[in-house]
file protein29.cif (mmCIF, C-alpha atoms)
data_data
#
loop_
_atom_site.label_atom_id
_atom_site.label_comp_id
_atom_site.auth_asym_id
_atom_site.auth_seq_id
_atom_site.Cartn_x
_atom_site.Cartn_y
_atom_site.Cartn_z
CA MET A 1 0.00 0.00 0.00
CA ARG A 2 2.92 2.36 0.68
CA GLU A 3 3.56 3.03 -3.00
CA LEU A 4 -0.11 3.96 -3.61
CA ILE A 5 -0.29 6.81 -1.11
CA GLY A 6 -0.93 10.10 -2.89
CA SER A 7 -1.64 8.62 -6.30
CA HIS A 8 -4.69 6.55 -5.29
CA ASP A 9 -7.91 7.32 -3.48
CA LEU A 10 -8.86 4.92 -0.69
CA LEU A 11 -12.27 3.42 0.07
CA PHE A 12 -12.69 1.37 3.25
CA VAL A 13 -16.08 -0.34 3.57
CA THR A 14 -17.16 -2.29 6.64
CA LEU A 15 -20.19 -4.47 5.98
CA ASP A 16 -21.22 -4.34 9.60
CA THR A 17 -22.05 -7.71 11.20
CA LEU A 18 -21.77 -9.70 7.95
CA ARG A 19 -21.14 -13.40 8.57
CA PHE A 20 -18.51 -15.18 6.50
CA ASP A 21 -20.69 -18.22 5.87
CA VAL A 22 -23.56 -16.08 4.61
CA ALA A 23 -21.26 -14.00 2.40
CA GLN A 24 -19.78 -17.15 0.85
CA ARG A 25 -23.16 -18.81 0.35
CA CYS A 26 -24.69 -15.76 -1.31
CA LEU A 27 -21.69 -15.52 -3.62
CA ALA A 28 -21.88 -19.20 -4.57
CA ASP A 29 -25.62 -18.93 -5.21
CA GLY A 30 -25.22 -15.93 -7.52
CA ARG A 31 -27.04 -13.57 -5.17
CA THR A 32 -24.21 -11.01 -5.04
CA PRO A 33 -23.24 -10.52 -8.69
CA GLN A 34 -21.60 -7.13 -8.17
CA LEU A 35 -19.24 -8.51 -5.54
CA ALA A 36 -18.50 -11.47 -7.81
CA THR A 37 -17.10 -9.08 -10.42
CA VAL A 38 -14.62 -7.35 -8.08
CA LEU A 39 -13.50 -9.90 -5.47
CA PRO A 40 -10.01 -11.21 -6.31
CA GLY A 41 -10.42 -14.67 -7.75
CA GLY A 42 -14.17 -14.27 -7.43
CA THR A 43 -14.18 -15.24 -3.76
CA TRP A 44 -14.03 -13.82 -0.26
CA GLU A 45 -10.92 -14.35 1.84
CA ARG A 46 -11.63 -15.97 5.22
CA ARG A 47 -10.15 -13.93 8.05
CA HIS A 48 -10.49 -13.39 11.81
CA SER A 49 -11.64 -10.07 13.23
CA PRO A 50 -9.59 -8.43 16.00
CA ALA A 51 -12.80 -7.95 18.03
CA SER A 52 -16.31 -9.27 18.50
CA PHE A 53 -18.24 -6.00 18.15
CA THR A 54 -18.20 -2.80 16.13
CA TYR A 55 -16.60 -0.28 18.47
CA ALA A 56 -13.58 -2.39 19.41
CA ALA A 57 -13.06 -3.76 15.88
CA HIS A 58 -12.96 -0.32 14.30
CA HIS A 59 -10.44 1.04 16.79
CA ALA A 60 -8.19 -1.86 15.80
CA PHE A 61 -8.86 -1.34 12.08
CA PHE A 62 -7.95 2.33 12.15
CA ALA A 63 -4.68 1.54 13.97
CA GLY A 64 -3.76 -0.86 11.17
CA PHE A 65 -5.07 -4.16 12.50
CA LEU A 66 -7.42 -5.31 9.77
CA PRO A 67 -8.91 -8.82 10.00
CA THR A 68 -6.08 -11.35 10.16
CA PRO A 69 -5.63 -14.12 7.57
CA VAL A 70 -6.44 -17.52 9.07
CA THR A 71 -3.26 -19.11 7.71
CA PRO A 72 -0.13 -19.10 9.90
CA GLY A 73 1.71 -15.77 9.87
CA PRO A 74 3.24 -13.36 10.29
CA HIS A 75 1.27 -11.43 7.68
CA GLU A 76 2.49 -8.05 6.45
CA ARG A 77 -0.14 -5.39 7.08
CA LEU A 78 -1.39 -2.86 4.51
CA PHE A 79 -0.98 0.06 6.89
CA ALA A 80 0.17 0.54 10.47
CA ALA A 81 0.57 3.20 13.14
CA ARG A 82 4.25 3.32 13.99
CA PHE A 83 5.19 1.74 17.31
CA GLY A 84 8.23 -0.06 18.66
CA GLY A 85 8.27 -3.82 18.35
CA SER A 86 5.78 -4.18 15.49
CA GLU A 87 6.43 -7.51 13.78
CA THR A 88 3.89 -7.21 10.96
CA SER A 89 5.05 -3.99 9.25
CA GLY A 90 7.03 -4.61 6.09
CA PRO A 91 8.44 -2.86 3.03
CA ARG A 92 4.97 -2.44 1.46
CA THR A 93 3.25 -1.27 4.64
CA PHE A 94 2.12 2.36 4.81
CA VAL A 95 3.49 3.30 8.24
CA PHE A 96 2.23 6.59 9.66
CA ASP A 97 3.35 8.67 12.62
CA ALA A 98 -0.16 9.17 13.95
CA PRO A 99 -2.46 7.16 16.21
CA ASP A 100 -4.93 6.29 13.47
CA LEU A 101 -5.29 5.90 9.71
CA PRO A 102 -7.44 9.01 9.08
CA ALA A 103 -4.83 11.21 10.78
CA GLY A 104 -2.01 9.48 8.92
CA LEU A 105 -3.72 9.98 5.57
CA ALA A 106 -4.61 13.59 6.41
CA ALA A 107 -0.91 14.25 7.00
CA ALA A 108 -0.28 12.81 3.52
CA GLY A 109 -2.72 15.31 1.98
CA TYR A 110 -5.96 13.30 1.95
CA HIS A 111 -9.42 14.61 2.70
CA THR A 112 -10.94 12.09 5.13
CA VAL A 113 -14.67 11.33 5.20
CA CYS A 114 -16.71 9.07 7.50
CA LEU A 115 -20.20 7.94 6.52
CA GLY A 116 -21.46 6.11 9.58
CA GLY A 117 -24.14 3.48 9.82
CA VAL A 118 -24.70 1.63 13.10
CA GLY A 119 -25.22 3.32 16.46
CA PHE A 120 -21.53 3.73 17.31
CA PHE A 121 -21.44 6.42 14.59
CA ASN A 122 -24.54 8.26 15.80
CA PRO A 123 -23.31 11.59 17.26
CA ALA A 124 -26.39 12.01 19.46
CA ALA A 125 -24.35 10.49 22.32
CA PRO A 126 -20.69 11.26 23.15
CA LEU A 127 -19.69 7.64 22.50
CA GLY A 128 -20.97 7.96 18.93
CA ARG A 129 -18.62 10.88 18.27
CA VAL A 130 -15.39 9.02 19.05
CA LEU A 131 -14.87 7.12 15.77
CA PRO A 132 -16.32 9.86 13.52
CA GLY A 133 -14.12 12.36 15.37
CA LEU A 134 -11.05 10.81 13.74
CA PHE A 135 -12.13 12.23 10.37
CA ALA A 136 -12.05 15.73 8.89
CA GLU A 137 -15.65 15.30 7.77
CA SER A 138 -18.24 12.91 9.20
CA HIS A 139 -21.92 12.30 8.55
CA TRP A 140 -24.67 10.30 10.19
CA GLU A 141 -28.43 10.54 9.99
CA ARG A 142 -31.30 8.21 10.78
CA ALA A 143 -31.58 7.33 7.08
CA PHE A 144 -28.09 5.73 7.33
CA GLY A 145 -29.00 3.53 10.30
CA VAL A 146 -30.09 -0.01 11.03
CA THR A 147 -33.84 0.61 10.71
CA ALA A 148 -33.68 2.36 7.31
CA PRO A 149 -34.41 -0.05 4.43
CA ASP A 150 -32.35 1.98 1.93
CA CYS A 151 -29.57 2.96 4.32
CA LEU A 152 -26.79 2.47 1.79
CA GLY A 153 -28.65 4.42 -0.88
CA ALA A 154 -28.91 7.39 1.50
CA GLN A 155 -25.20 7.19 2.29
CA LEU A 156 -24.37 7.17 -1.41
CA ASP A 157 -26.50 10.26 -1.98
CA ARG A 158 -24.35 12.04 0.60
CA LEU A 159 -21.10 10.67 -0.85
CA GLU A 160 -22.08 11.88 -4.32
CA SER A 161 -22.51 15.42 -3.01
CA ILE A 162 -19.18 15.28 -1.14
CA ILE A 163 -17.29 14.12 -4.20
CA ALA A 164 -18.93 16.79 -6.34
CA GLY A 165 -17.56 19.50 -4.03
CA LEU A 166 -14.03 18.12 -3.71
CA PRO A 167 -11.21 19.42 -5.93
CA ALA A 168 -10.23 16.79 -8.47
CA GLY A 169 -6.59 16.85 -7.42
CA ARG A 170 -7.23 16.25 -3.71
CA PRO A 171 -6.88 12.58 -2.77
CA LEU A 172 -9.87 11.18 -0.88
CA PHE A 173 -10.19 8.61 1.89
CA THR A 174 -13.79 7.47 2.28
CA PHE A 175 -14.82 5.25 5.17
CA LEU A 176 -18.29 3.71 4.84
CA ASN A 177 -19.96 1.65 7.57
CA VAL A 178 -22.94 -0.22 6.08
CA ALA A 179 -25.67 -0.99 8.62
CA ALA A 180 -28.03 -3.18 6.58
CA MET A 181 -26.89 -6.61 7.82
CA HIS A 182 -27.11 -5.63 11.48
CA GLN A 183 -30.25 -6.60 13.36
CA PRO A 184 -33.04 -5.67 12.72
CA ASN A 185 -32.85 -6.88 9.13
CA ARG A 186 -36.22 -8.66 8.74
CA HIS A 187 -37.48 -5.85 6.50
CA TYR A 188 -35.30 -7.17 3.65
CA LEU A 189 -37.32 -10.38 3.32
CA GLN A 190 -41.00 -10.02 2.56
CA GLY A 191 -43.21 -11.62 5.19
CA ALA A 192 -40.40 -12.24 7.71
CA GLY A 193 -41.50 -11.66 11.28
CA THR A 194 -38.11 -12.13 12.92
CA ASP A 195 -34.44 -11.67 12.09
CA SER A 196 -32.69 -14.81 10.85
CA VAL A 197 -29.83 -16.03 8.69
CA ALA A 198 -32.25 -15.74 5.75
CA THR A 199 -33.01 -12.06 6.42
CA HIS A 200 -29.29 -11.43 6.99
CA ALA A 201 -28.63 -12.87 3.52
CA ALA A 202 -31.43 -10.78 2.01
CA ALA A 203 -29.83 -7.67 3.51
CA LEU A 204 -26.53 -8.53 1.81
CA GLU A 205 -28.37 -9.00 -1.46
CA TYR A 206 -29.79 -5.48 -1.05
CA VAL A 207 -26.30 -4.09 -0.39
CA ASP A 208 -24.85 -5.80 -3.45
CA GLY A 209 -27.50 -4.10 -5.56
CA ARG A 210 -26.12 -0.69 -4.52
CA LEU A 211 -22.40 -1.43 -4.89
CA ASP A 212 -22.26 -0.65 -8.60
CA ARG A 213 -23.18 2.94 -7.77
CA LEU A 214 -20.61 3.10 -4.95
CA PHE A 215 -17.83 1.81 -7.17
CA ALA A 216 -18.81 4.17 -9.98
CA LEU A 217 -18.63 7.13 -7.59
CA VAL A 218 -15.19 6.36 -6.19
CA SER A 219 -13.70 5.40 -9.56
CA GLY A 220 -15.07 8.49 -11.29
CA ARG A 221 -12.43 10.93 -9.97
CA GLU A 222 -9.83 10.20 -12.69
CA ARG A 223 -7.54 8.41 -10.25
CA PRO A 224 -7.31 4.75 -9.17
CA CYS A 225 -8.98 3.75 -5.91
CA LEU A 226 -7.77 1.11 -3.48
CA VAL A 227 -10.81 -0.62 -1.99
CA ILE A 228 -10.79 -2.51 1.31
CA ILE A 229 -14.08 -4.26 2.04
CA CYS A 230 -14.73 -6.56 4.97
CA SER A 231 -16.94 -7.32 7.92
CA ASP A 232 -16.07 -6.19 11.43
CA HIS A 233 -17.59 -9.29 13.06
CA GLY A 234 -20.29 -11.87 12.50
CA THR A 235 -23.49 -12.38 14.46
CA LEU A 236 -25.56 -15.26 15.80
CA TYR A 237 -29.17 -16.31 15.26
CA GLY A 238 -29.53 -18.97 17.92
CA GLU A 239 -26.34 -20.97 17.34
CA ASP A 240 -25.32 -22.60 20.63
CA GLY A 241 -28.09 -20.60 22.28
CA HIS A 242 -26.64 -17.18 21.37
CA VAL A 243 -28.34 -14.30 19.62
CA GLY A 244 -26.23 -11.32 18.57
CA HIS A 245 -22.47 -10.90 19.01
CA ARG A 246 -19.85 -9.65 21.52
CA VAL A 247 -19.19 -13.29 22.42
CA ALA A 248 -16.20 -15.51 21.60
CA HIS A 249 -17.85 -17.71 18.98
CA GLU A 250 -16.32 -18.89 15.69
CA THR A 251 -19.19 -17.40 13.68
CA VAL A 252 -18.57 -14.01 15.31
CA TRP A 253 -14.78 -14.04 14.86
CA THR A 254 -14.76 -15.28 11.25
CA VAL A 255 -15.32 -12.55 8.66
CA PRO A 256 -15.10 -12.02 4.88
CA TYR A 257 -12.33 -9.76 3.57
CA ALA A 258 -11.09 -8.45 0.21
CA ASP A 259 -8.95 -5.65 -1.16
CA PHE A 260 -8.53 -4.62 -4.79
CA ILE A 261 -7.94 -1.59 -7.02
CA LEU A 262 -10.62 0.08 -9.13
CA GLU A 263 -9.22 1.85 -12.16
CA PRO A 264 -10.68 5.22 -13.18
CA SER A 265 -13.93 4.90 -15.09
#
call {"tool": "encode", "arguments": {"input": "protein29.cif", "output": "structure tokens"}}
result
Amino acid sequence: MRELIGSHDLLFVTLDTLRFDVAQRCLADGRTPQLATVLPGGTWERRHSPASFTYAAHHAFFAGFLPTPVTPGPHERLFAARFGGSETSGPRTFVFDAPDLPAGLAAAGYHTVCLGGVGFFNPAAPLGRVLPGLFAESHWERAFGVTAPDCLGAQLDRLESIIAGLPAGRPLFTFLNVAAMHQPNRHYLQGAGTDSVATHAAALEYVDGRLDRLFALVSGRERPCLVIICSDHGTLYGEDGHVGHRVAHETVWTVPYADFILEPS
């Protein structure tokens, strides 16, 4: 990633709460055709999240600790906050002298934007201002949240207006937290009365249907864009008696991950 800084825009998308097994199944069943066109090798990479819920996972992500490959390491990281004793920074790692990625990219000349989704990005409470406060510009509204059926569409409307007002020569770092897969998600499956793995999958199908617009927006600035897309954690629908996440369960820790470059459109 080090050699891309300055010449490439950066898009970091967290598909909040997306389970690896559901992501893989939807891909295999042809339910996420947009993702199928961009995922390297046409598949998700299986990784482990550094945390079991949104707030903790994103703090780790922004310090450089993206989901870890499940194969034995060490694995060189894409980016990292500089600190003594790091064993996973290498010659291709973008190492920044700042506590978090948005600050490191801002120092390199990037405009940094946060488009929040789940409640940890809602600025109505002080806790919801912590993660967005890392960015030069942050946005959250109820239309972006977990109860809004077209949450991603509303976020993309805002992103389109941001990009339109940004000078073409200014590199852009966009962080997008997509809330659709998080409970409640029953509204994505007609007739569903409760949240389930099936409604979770239907939510992902909805998201996939909006990704073509997202990718067109970020690749329309006449510069390449490095895309990182992953889940922050999975969630449970009754497995071993659990509902939700923030528990040490394989389905919570295991997440889908991909990174790739979109060329200018």
call {"tool": "resolve_selection", "arguments": {"input": "protein29.cif", "expression": "the PyMOL selection byres ((chain A and resi 178-195) around 9)", "output": "PyMOL selection string"}}
result
chain A and resi 13-19+115-119+144-152+155+176-177+196-207+235+237+244
call {"tool": "atom_distance", "arguments": {"input": "protein29.cif", "atom1": "atom CA of Phe135 of chain A", "atom2": "atom CA of Pro40 of chain A"}}
result
28.8 Å
call {"tool": "closest_residue", "arguments": {"input": "protein29.cif", "among": "A:Asp240, A:Asp157, A:Glu45, A:Asp208", "to": "Gly30 of chain A", "atoms": "all atoms listed in the file"}}
result
A:Asp208
call {"tool": "resolve_selection", "arguments": {"input": "protein29.cif", "expression": "the PyMOL selection byres ((chain A and resi 50-55) around 10)", "output": "VMD selection string"}}
result
chain A and resid 14 16 to 17 47 to 49 56 to 61 65 to 68 118 to 121 127 to 128 130 to 131 177 231 to 235 244 to 249 251 to 254
call {"tool": "closest_atom_pairs", "arguments": {"input": "protein29.cif", "of": "segment 69-187 of chain A", "to": "segment 220-228 of chain A", "cutoff": "12 Å", "atoms": "all atoms listed in the file", "output": "CSV"}}
result
residue,atom,partner,partner_atom,distance
A:Leu78,CA,A:Ile228,CA,9.9
A:Phe79,CA,A:Ile228,CA,11.6
A:Glu160,CA,A:Gly220,CA,10.5
A:Ile162,CA,A:Arg221,CA,11.9
A:Ile163,CA,A:Arg221,CA,8.2
A:Ala164,CA,A:Arg221,CA,9.5
A:Gly165,CA,A:Arg221,CA,11.6
A:Leu166,CA,A:Arg221,CA,9.7
A:Pro167,CA,A:Arg221,CA,9.5
A:Ala168,CA,A:Arg221,CA,6.4
A:Gly169,CA,A:Arg221,CA,8.7
A:Arg170,CA,A:Arg221,CA,9.7
A:Pro171,CA,A:Arg223,CA,8.6
A:Leu172,CA,A:Cys225,CA,9.0
A:Phe173,CA,A:Cys225,CA,9.3
A:Thr174,CA,A:Val227,CA,9.6
A:Phe175,CA,A:Ile228,CA,9.6
A:Leu176,CA,A:Ile228,CA,10.4
A:Asn177,CA,A:Ile228,CA,11.9
call {"tool": "atom_distance", "arguments": {"input": "protein29.cif", "atom1": "atom CA of Pro123 of chain A", "atom2": "atom CA of Cys230 of chain A"}}
result
23.5 Å
call {"tool": "resolve_selection", "arguments": {"input": "protein29.cif", "expression": "the PyMOL selection byres ((chain A and resi 27) around 12)", "output": "list in words"}}
result
Phe20, Asp21, Val22, Ala23, Gln24, Arg25, Cys26, Ala28, Asp29, Gly30, Arg31, Thr32, Pro33, Gln34, Leu35, Ala36, Thr37, Val38, Leu39, Gly42, Thr43, Trp44, Ala201, Leu204, Glu205, Asp208 and Pro256 of chain A
call {"tool": "atom_distance", "arguments": {"input": "protein29.cif", "atom1": "atom CA of Leu10 of chain A", "atom2": "atom CA of Val70 of chain A"}}
result
24.6 Å
call {"tool": "closest_residue", "arguments": {"input": "protein29.cif", "among": "A:Ala98, A:Ala103, A:Ile261, A:Leu214", "to": "Gly153 of chain A", "atoms": "all atoms listed in the file"}}
result
A:Leu214
call {"tool": "residues_around", "arguments": {"input": "protein29.cif", "residues": "Ala107 of chain A", "least_positions_apart": "3", "cutoff": "10 Å", "atoms": "all atoms listed in the file", "output": "PyMOL selection string"}}
result
chain A and resi 96-98+101-104+110-111
